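Asks: So here's structure.txt, just compact mmCIF, C-alpha atoms:
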```
# COMPACT_ATOMS: atom_id res chain seq x y z
CA ALA M 1 -3.48 13.52 -7.70
CA VAL M 2 -5.21 10.18 -7.14
CA ARG M 3 -3.06 8.42 -9.74
CA LYS M 4 0.10 9.81 -8.16
CA ALA M 5 -1.04 8.81 -4.68
CA LEU M 6 -1.84 5.27 -5.82
CA THR M 7 1.45 4.79 -7.67
CA THR M 8 3.76 6.30 -5.04
CA ASN M 9 2.17 5.11 -1.79
CA PRO M 10 4.55 2.60 -0.13
CA ALA M 11 1.70 0.63 1.43
CA GLN M 12 0.08 0.24 -1.99
CA LYS M 13 3.36 -0.96 -3.47
CA ALA M 14 3.73 -3.54 -0.69
CA ILE M 15 0.21 -4.85 -1.24
CA ALA M 16 0.77 -4.99 -5.01
CA ALA M 17 3.97 -6.98 -4.45
CA ASP M 18 2.03 -9.35 -2.17
CA VAL M 19 -0.58 -9.86 -4.91
CA SER M 20 2.17 -10.55 -7.43
CA ALA M 21 3.91 -13.06 -5.14
CA THR M 22 0.63 -14.89 -4.50
CA GLY M 23 0.01 -15.02 -8.25
CA PHE M 24 3.41 -16.59 -8.80
CA GLU M 25 2.67 -19.15 -6.08
CA LEU M 26 -0.49 -20.07 -7.98
CA LEU M 27 1.48 -20.51 -11.19
CA GLN M 28 4.05 -22.57 -9.33
CA SER M 29 1.40 -24.91 -7.92
CA ARG M 30 0.29 -25.76 -11.48
CA SER M 31 3.67 -27.41 -12.02
CA GLU M 32 2.60 -30.30 -9.76
CA PHE M 33 0.56 -31.66 -12.68
CA LEU M 34 3.66 -32.02 -14.85
CA PRO M 35 5.81 -35.15 -14.98
CA THR M 36 9.02 -35.24 -12.96
CA VAL M 37 12.47 -36.31 -14.08
CA ASP M 38 15.12 -37.09 -11.47
CA VAL M 39 18.75 -37.62 -12.42
CA THR M 40 21.31 -38.77 -9.85
CA GLY M 41 24.94 -39.65 -10.22
CA GLU M 42 27.75 -40.88 -8.04
CA ILE M 43 31.47 -41.17 -8.56
CA GLY M 44 34.15 -42.11 -6.11
CA GLY M 45 36.46 -44.75 -4.74
CA GLU M 46 35.43 -47.97 -3.07
CA VAL M 47 37.44 -50.52 -1.11
CA VAL M 48 35.88 -53.92 -0.53
CA SER M 49 37.74 -56.28 1.74
CA ASN M 50 36.16 -59.71 1.77
CA PRO M 51 38.73 -62.46 1.11
CA ASN M 52 36.11 -65.22 1.47
CA VAL M 53 34.20 -64.08 -1.60
CA LEU M 54 36.71 -62.09 -3.66
CA ALA M 55 40.01 -63.18 -5.09
CA VAL M 56 43.01 -62.20 -3.03
CA SER M 57 44.13 -59.73 -5.72
CA ASP M 58 40.67 -58.03 -5.70
CA SER M 59 40.09 -57.95 -1.96
CA GLY M 60 41.20 -54.69 -0.27
CA ARG M 61 41.94 -52.96 -3.54
CA LEU M 62 40.69 -49.41 -4.36
CA ASN M 63 38.19 -49.50 -7.19
CA ASN M 64 36.80 -46.44 -8.97
CA THR M 65 33.01 -46.53 -9.05
CA ARG M 66 30.45 -44.52 -10.94
CA GLN M 67 26.72 -44.76 -11.19
CA VAL M 68 24.03 -42.78 -13.03
CA ALA M 69 20.27 -43.14 -12.47
CA ILE M 70 17.34 -41.50 -14.26
CA SER M 71 13.77 -41.82 -13.02
CA ILE M 72 10.63 -40.38 -14.59
CA GLY M 73 7.36 -40.06 -12.69
CA LEU M 74 3.83 -38.89 -13.36
CA THR M 75 1.22 -38.77 -10.60
CA LEU M 76 -2.11 -39.96 -11.91
CA PHE M 77 -4.22 -39.42 -8.79
CA ASP M 78 -3.27 -37.98 -5.42
CA GLY M 79 -6.63 -37.74 -3.68
CA TRP M 80 -7.32 -34.22 -5.01
CA ARG M 81 -4.35 -32.75 -3.11
CA ARG M 82 -2.96 -30.89 -6.14
CA ALA M 83 -6.35 -29.60 -7.26
CA ASN M 84 -7.14 -28.39 -3.75
CA THR M 85 -3.73 -26.70 -3.54
CA ILE M 86 -4.49 -24.78 -6.72
CA PHE M 87 -7.97 -23.89 -5.45
CA ARG M 88 -6.48 -22.69 -2.14
CA ASN M 89 -3.84 -20.57 -3.90
CA ALA M 90 -6.46 -19.11 -6.27
CA SER M 91 -8.63 -18.19 -3.28
CA ARG M 92 -5.65 -16.58 -1.54
CA LEU M 93 -4.95 -14.60 -4.72
CA ASP M 94 -8.57 -13.41 -4.87
CA GLY M 95 -8.38 -12.31 -1.23
CA ARG M 96 -5.16 -10.40 -1.84
CA ILE M 97 -6.64 -8.70 -4.91
CA TYR M 98 -9.72 -7.61 -2.94
CA ARG M 99 -7.47 -6.32 -0.16
CA PHE M 100 -5.48 -4.38 -2.75
CA LEU M 101 -8.66 -2.88 -4.22
CA ALA M 102 -9.97 -1.90 -0.78
CA ALA M 103 -6.67 -0.24 0.11
CA SER M 104 -6.65 1.54 -3.27
CA GLU M 105 -10.13 2.89 -2.66
CA THR M 106 -9.12 4.13 0.78
CA VAL M 107 -6.01 5.88 -0.55
CA ALA M 108 -8.01 7.39 -3.42
CA LEU M 109 -10.73 8.61 -1.04
CA ASN M 110 -8.18 10.16 1.34
CA THR M 111 -6.45 11.83 -1.61
CA VAL M 112 -9.67 13.31 -2.96
CA GLU M 113 -10.62 14.47 0.53
CA ALA M 114 -7.26 16.20 1.02
CA TYR M 115 -7.48 17.72 -2.46
CA ILE M 116 -10.96 19.12 -1.73
CA ASP M 117 -9.80 20.36 1.68
CA VAL M 118 -6.99 22.37 0.09
CA PHE M 119 -9.34 24.13 -2.32
CA ARG M 120 -12.01 24.63 0.34
CA HIS M 121 -9.53 26.15 2.79
CA ARG M 122 -8.07 28.40 0.08
CA GLU M 123 -11.56 29.72 -0.59
CA MET M 124 -12.19 30.11 3.13
CA VAL M 125 -8.95 32.11 3.57
CA GLY M 126 -10.14 34.50 0.86
CA LEU M 127 -13.55 34.84 2.50
CA ALA M 128 -12.02 35.37 5.94
CA GLU M 129 -9.67 38.07 4.59
CA ARG M 130 -12.61 39.84 2.92
CA ASN M 131 -14.48 39.57 6.23
CA VAL M 132 -11.59 41.35 8.02
CA VAL M 133 -11.57 44.10 5.38
CA ARG M 134 -15.34 44.59 5.77
CA HIS M 135 -15.06 44.69 9.60
CA ARG M 136 -12.32 47.33 9.33
CA GLU M 137 -14.57 49.42 7.06
CA ILE M 138 -17.36 49.13 9.61
CA GLY M 139 -14.83 50.03 12.33
CA ARG M 140 -13.87 53.26 10.51
CA SER M 141 -17.54 54.09 10.18
CA VAL M 142 -18.15 53.43 13.89
CA ARG M 143 -15.13 55.58 14.88
CA GLU M 144 -16.49 58.42 12.74
CA ARG M 145 -19.83 58.09 14.54
CA ILE M 146 -18.05 58.05 17.91
CA SER M 147 -16.05 61.18 17.05
CA GLY M 148 -19.30 62.81 15.86
CA GLY M 149 -21.01 61.87 19.12
CA GLN M 150 -23.58 59.57 17.50
CA SER M 151 -22.23 56.34 19.06
CA SER M 152 -20.79 55.41 22.44
CA ILE M 153 -17.22 54.35 23.23
CA GLY M 154 -18.59 50.88 24.07
CA GLU M 155 -19.50 50.39 20.44
CA GLY M 156 -15.87 51.17 19.54
CA PHE M 157 -14.66 48.48 21.93
CA GLN M 158 -17.18 46.07 20.48
CA ILE M 159 -16.09 46.65 16.87
CA ASP M 160 -12.41 46.29 17.90
CA GLU M 161 -13.28 42.94 19.46
CA ARG M 162 -15.09 41.83 16.30
CA ILE M 163 -12.14 42.88 14.11
CA ALA M 164 -9.78 40.88 16.35
CA ALA M 165 -12.11 37.87 16.13
CA ALA M 166 -12.18 38.14 12.32
CA GLU M 167 -8.36 38.33 12.25
CA ASP M 168 -8.17 35.26 14.53
CA ALA M 169 -10.49 33.43 12.14
CA VAL M 170 -8.08 34.20 9.26
CA ILE M 171 -5.19 32.73 11.30
CA GLY M 172 -7.22 29.62 12.12
CA VAL M 173 -8.25 29.04 8.50
CA GLU M 174 -4.66 29.60 7.31
CA GLY M 175 -3.51 26.97 9.83
CA ALA M 176 -6.13 24.54 8.52
CA LEU M 177 -4.91 25.28 4.97
CA LEU M 178 -1.34 24.45 5.99
CA ASP M 179 -2.57 21.17 7.50
CA ALA M 180 -4.53 20.35 4.34
CA ASN M 181 -1.51 21.15 2.17
```
Any chance you could put this one into structure tokens?
Replies:
Amino acid sequence: AVRKALTTNPAQKAIAADVSATGFELLQSRSEFLPTVDVTGEIGGEVVSNPNVLAVSDSGRLNNTRQVAISIGLTLFDGWRRANTIFRNASRLDGRIYRFLAASETVALNTVEAYIDVFRHREMVGLAERNVVRHREIGRSVRERISGGQSSIGEGFQIDERIAAAEDAVIGVEGALLDAN
């Protein structure tokens, strides 16, 4: 029951997804220690009109241009920014894991409590039903004593009241069982 509650509870799934996302953020922050490679390229047309510098045949003419650039970079020291980012993300991950564990314990505790309540209320229903049966037996005995003149009519009213109270107790315990279920 606890395993099923932990694996199917939507709140648990949301917290587990949050832990997973925070873990991926931690892995992503490690990439800041790797070198970077940037590649850029341009292609297009260009018209330069400057008759003072260019020949008359070249000035105002459409020229096709293209350019490719590659740059490689590696940060040697950044004032501990990257290391602190990893430390911060690791701390966030620890916090999320502890939150997940606390929520898991709460769900597990509530599940066990509900599970125990179901069995306890089932047992109580059986006891309450046996109590009603015993009160009815006593009621028959009291009615025999009343008909034989050994007891008063007041005792008959009293046993009827006790039987009704025992039957009400059965209804109350059955309601609690339905709630526990």
Asks: For the atom pair atom CA of Pro35 of chain M and atom CA of Ala83 of chain M, what is the interatomic distance in Å to one decimal place?
Replies: 15.4 Å
Asks: List as a list in words the protein and nucleic acid residues near segment 111-116 of chain M, meaning an atom at most 9 Å away when all atoms listed in the file are counted, but skip any in the same chain fewer than 5 places from it.
Replies: Ala1, Val2, Ala5, Thr106, His121, Ala180 and Asn181 of chain M
Asks: Rank M:Phe33, M:Asp160, M:Arg61, M:Glu129 by their smallest atom-to-atom distance to Trp80 of chain M, using only C-alpha atoms, and report the top residue only.
Replies: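 Of all the options, M:Phe33 lies closest to Trp80 of chain M.
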Asks: Figure out the distance between atom CA of Thr40 of chain M and atom CA of Leu62 of chain M, please, to one decimal in Å.
Replies: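 Separation of atom CA of Leu62 of chain M and atom CA of Thr40 of chain M: 22.8 Å.
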Asks: For Asn89 of chain M, which residue out of M:Ala14, M:Leu6, M:Val107, M:Val19 is the nearest one, using all atoms listed in the file?
Replies: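 Answer, going by the shortest atom-to-atom distance: M:Val19.
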Asks: Compile the contact shell of Gln12 of chain M as a short mmCIF file (atom, residue, chain, number, x, y, z; two decimals) with C-alpha atoms, keeping the file's coordinate frame: residues with an atom at most 12 Å away, counting all atoms listed in the file, same-chain residues fewer than 2 positions apart removed.
Replies:
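Output below, filename out_26.cif:
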```cif
data_model
loop_
_atom_site.label_atom_id
_atom_site.label_comp_id
_atom_site.auth_asym_id
_atom_site.auth_seq_id
_atom_site.Cartn_x
_atom_site.Cartn_y
_atom_site.Cartn_z
CA ARG M 3 -3.06 8.42 -9.74
CA LYS M 4 0.10 9.81 -8.16
CA ALA M 5 -1.04 8.81 -4.68
CA LEU M 6 -1.84 5.27 -5.82
CA THR M 7 1.45 4.79 -7.67
CA THR M 8 3.76 6.30 -5.04
CA ASN M 9 2.17 5.11 -1.79
CA PRO M 10 4.55 2.60 -0.13
CA ALA M 14 3.73 -3.54 -0.69
CA ILE M 15 0.21 -4.85 -1.24
CA ALA M 16 0.77 -4.99 -5.01
CA ALA M 17 3.97 -6.98 -4.45
CA ASP M 18 2.03 -9.35 -2.17
CA VAL M 19 -0.58 -9.86 -4.91
CA ARG M 96 -5.16 -10.40 -1.84
CA ILE M 97 -6.64 -8.70 -4.91
CA ARG M 99 -7.47 -6.32 -0.16
CA PHE M 100 -5.48 -4.38 -2.75
CA LEU M 101 -8.66 -2.88 -4.22
CA ALA M 102 -9.97 -1.90 -0.78
CA ALA M 103 -6.67 -0.24 0.11
CA SER M 104 -6.65 1.54 -3.27
CA GLU M 105 -10.13 2.89 -2.66
CA THR M 106 -9.12 4.13 0.78
CA VAL M 107 -6.01 5.88 -0.55
CA ALA M 108 -8.01 7.39 -3.42
#
```
Asks: Quick one: segment 6-137 of chain M from the block, C-alpha atoms, as an mmCIF file, in the first residue's frame.
Replies:
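Ended up saving to decode08.cif:
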```cif
data_model
loop_
_atom_site.group_PDB
_atom_site.id
_atom_site.type_symbol
_atom_site.label_atom_id
_atom_site.label_comp_id
_atom_site.auth_asym_id
_atom_site.auth_seq_id
_atom_site.Cartn_x
_atom_site.Cartn_y
_atom_site.Cartn_z
ATOM 1 C CA LEU M 6 4.359 6.710 -3.213
ATOM 2 C CA THR M 7 4.434 5.770 -6.898
ATOM 3 C CA THR M 8 0.958 7.032 -7.828
ATOM 4 C CA ASN M 9 0.665 10.205 -5.749
ATOM 5 C CA PRO M 10 0.643 13.217 -8.135
ATOM 6 C CA ALA M 11 2.354 15.481 -5.609
ATOM 7 C CA GLN M 12 5.175 12.943 -5.224
ATOM 8 C CA LYS M 13 5.571 12.742 -8.997
ATOM 9 C CA ALA M 14 5.779 16.542 -9.221
ATOM 10 C CA ILE M 15 8.441 16.715 -6.517
ATOM 11 C CA ALA M 16 10.403 13.885 -8.179
ATOM 12 C CA ALA M 17 10.289 15.769 -11.485
ATOM 13 C CA ASP M 18 11.539 18.896 -9.690
ATOM 14 C CA VAL M 19 14.459 16.910 -8.239
ATOM 15 C CA SER M 20 15.264 15.544 -11.689
ATOM 16 C CA ALA M 21 15.153 19.005 -13.295
ATOM 17 C CA THR M 22 17.432 20.439 -10.607
ATOM 18 C CA GLY M 23 19.857 17.557 -11.170
ATOM 19 C CA PHE M 24 19.964 18.317 -14.882
ATOM 20 C CA GLU M 25 20.627 21.990 -14.109
ATOM 21 C CA LEU M 26 23.601 20.878 -12.011
ATOM 22 C CA LEU M 27 24.919 18.770 -14.876
ATOM 23 C CA GLN M 28 24.388 21.664 -17.261
ATOM 24 C CA SER M 29 26.375 24.054 -15.063
ATOM 25 C CA ARG M 30 29.402 21.732 -15.316
ATOM 26 C CA SER M 31 29.571 22.554 -19.020
ATOM 27 C CA GLU M 32 30.863 26.046 -18.173
ATOM 28 C CA PHE M 33 34.287 24.489 -17.523
ATOM 29 C CA LEU M 34 34.523 23.214 -21.101
ATOM 30 C CA PRO M 35 36.042 25.191 -23.965
ATOM 31 C CA THR M 36 33.717 27.030 -26.339
ATOM 32 C CA VAL M 37 33.758 27.036 -30.122
ATOM 33 C CA ASP M 38 31.832 29.731 -32.000
ATOM 34 C CA VAL M 39 31.323 29.549 -35.749
ATOM 35 C CA THR M 40 29.730 32.428 -37.655
ATOM 36 C CA GLY M 41 29.144 32.917 -41.331
ATOM 37 C CA GLU M 42 27.718 35.564 -43.608
ATOM 38 C CA ILE M 43 26.758 35.576 -47.245
ATOM 39 C CA GLY M 44 25.027 38.236 -49.239
ATOM 40 C CA GLY M 45 25.295 41.093 -51.677
ATOM 41 C CA GLU M 46 27.143 44.334 -51.132
ATOM 42 C CA VAL M 47 27.132 47.585 -53.098
ATOM 43 C CA VAL M 48 29.923 50.047 -52.425
ATOM 44 C CA SER M 49 29.659 53.405 -54.118
ATOM 45 C CA ASN M 50 32.782 55.468 -53.598
ATOM 46 C CA PRO M 51 34.148 56.830 -56.900
ATOM 47 C CA ASN M 52 37.009 58.658 -55.148
ATOM 48 C CA VAL M 53 38.628 55.424 -53.981
ATOM 49 C CA LEU M 54 37.317 52.750 -56.341
ATOM 50 C CA ALA M 55 37.601 52.520 -60.082
ATOM 51 C CA VAL M 56 34.551 53.704 -61.960
ATOM 52 C CA SER M 57 33.793 50.135 -63.095
ATOM 53 C CA ASP M 58 33.897 48.874 -59.459
ATOM 54 C CA SER M 59 31.997 51.711 -57.809
ATOM 55 C CA GLY M 60 28.235 51.063 -57.441
ATOM 56 C CA ARG M 61 28.484 47.480 -58.597
ATOM 57 C CA LEU M 62 26.829 44.564 -56.722
ATOM 58 C CA ASN M 63 29.448 42.250 -55.283
ATOM 59 C CA ASN M 64 28.734 38.869 -53.694
ATOM 60 C CA THR M 65 30.344 38.618 -50.271
ATOM 61 C CA ARG M 66 30.933 35.738 -47.929
ATOM 62 C CA GLN M 67 32.718 35.457 -44.645
ATOM 63 C CA VAL M 68 33.350 32.621 -42.174
ATOM 64 C CA ALA M 69 34.795 33.036 -38.666
ATOM 65 C CA ILE M 70 35.741 30.441 -36.055
ATOM 66 C CA SER M 71 36.700 31.379 -32.513
ATOM 67 C CA ILE M 72 37.757 29.058 -29.697
ATOM 68 C CA GLY M 73 37.762 30.144 -26.064
ATOM 69 C CA LEU M 74 38.664 28.664 -22.703
ATOM 70 C CA THR M 75 38.094 30.575 -19.473
ATOM 71 C CA LEU M 76 41.001 30.083 -17.126
ATOM 72 C CA PHE M 77 39.719 32.052 -14.133
ATOM 73 C CA ASP M 78 36.427 33.846 -13.623
ATOM 74 C CA GLY M 79 36.618 34.839 -9.975
ATOM 75 C CA TRP M 80 35.037 31.568 -8.762
ATOM 76 C CA ARG M 81 31.736 32.323 -10.522
ATOM 77 C CA ARG M 82 31.502 28.888 -12.181
ATOM 78 C CA ALA M 83 32.515 26.998 -9.043
ATOM 79 C CA ASN M 84 29.998 28.931 -6.968
ATOM 80 C CA THR M 85 27.293 28.265 -9.563
ATOM 81 C CA ILE M 86 27.945 24.536 -9.276
ATOM 82 C CA PHE M 87 27.968 24.751 -5.468
ATOM 83 C CA ARG M 88 24.664 26.688 -5.538
ATOM 84 C CA ASN M 89 23.045 24.157 -7.890
ATOM 85 C CA ALA M 90 24.317 21.242 -5.785
ATOM 86 C CA SER M 91 22.842 22.860 -2.667
ATOM 87 C CA ARG M 92 19.529 23.406 -4.452
ATOM 88 C CA LEU M 93 19.547 19.735 -5.482
ATOM 89 C CA ASP M 94 20.198 18.651 -1.878
ATOM 90 C CA GLY M 95 17.302 20.814 -0.691
ATOM 91 C CA ARG M 96 14.964 19.352 -3.298
ATOM 92 C CA ILE M 97 16.001 15.808 -2.369
ATOM 93 C CA TYR M 98 15.325 16.475 1.323
ATOM 94 C CA ARG M 99 11.955 17.983 0.432
ATOM 95 C CA PHE M 100 11.181 14.876 -1.622
ATOM 96 C CA LEU M 101 12.152 12.600 1.273
ATOM 97 C CA ALA M 102 10.051 14.590 3.750
ATOM 98 C CA ALA M 103 7.036 14.456 1.440
ATOM 99 C CA SER M 104 7.587 10.717 0.924
ATOM 100 C CA GLU M 105 7.634 10.129 4.654
ATOM 101 C CA THR M 106 4.426 12.112 5.075
ATOM 102 C CA VAL M 107 2.650 10.179 2.323
ATOM 103 C CA ALA M 108 3.922 6.877 3.727
ATOM 104 C CA LEU M 109 2.785 7.801 7.242
ATOM 105 C CA ASN M 110 -0.679 8.847 6.028
ATOM 106 C CA THR M 111 -0.956 5.614 4.036
ATOM 107 C CA VAL M 112 -0.023 3.442 7.002
ATOM 108 C CA GLU M 113 -2.425 5.386 9.210
ATOM 109 C CA ALA M 114 -5.293 4.900 6.751
ATOM 110 C CA TYR M 115 -4.392 1.224 6.348
ATOM 111 C CA ILE M 116 -4.452 0.700 10.132
ATOM 112 C CA ASP M 117 -7.706 2.669 10.408
ATOM 113 C CA VAL M 118 -9.409 0.356 7.914
ATOM 114 C CA PHE M 119 -8.442 -2.770 9.847
ATOM 115 C CA ARG M 120 -9.222 -1.175 13.204
ATOM 116 C CA HIS M 121 -12.669 -0.051 12.063
ATOM 117 C CA ARG M 122 -13.401 -3.477 10.552
ATOM 118 C CA GLU M 123 -12.620 -5.038 13.915
ATOM 119 C CA MET M 124 -14.711 -2.418 15.695
ATOM 120 C CA VAL M 125 -17.700 -3.122 13.400
ATOM 121 C CA GLY M 126 -17.485 -6.793 14.348
ATOM 122 C CA LEU M 127 -17.293 -5.945 18.048
ATOM 123 C CA ALA M 128 -20.191 -3.494 17.792
ATOM 124 C CA GLU M 129 -22.351 -6.074 15.990
ATOM 125 C CA ARG M 130 -21.564 -8.662 18.675
ATOM 126 C CA ASN M 131 -22.457 -6.037 21.281
ATOM 127 C CA VAL M 132 -25.896 -5.558 19.646
ATOM 128 C CA VAL M 133 -26.459 -9.332 19.610
ATOM 129 C CA ARG M 134 -25.543 -9.566 23.317
ATOM 130 C CA HIS M 135 -27.845 -6.629 24.198
ATOM 131 C CA ARG M 136 -30.714 -8.302 22.338
ATOM 132 C CA GLU M 137 -30.098 -11.521 24.302
#
```
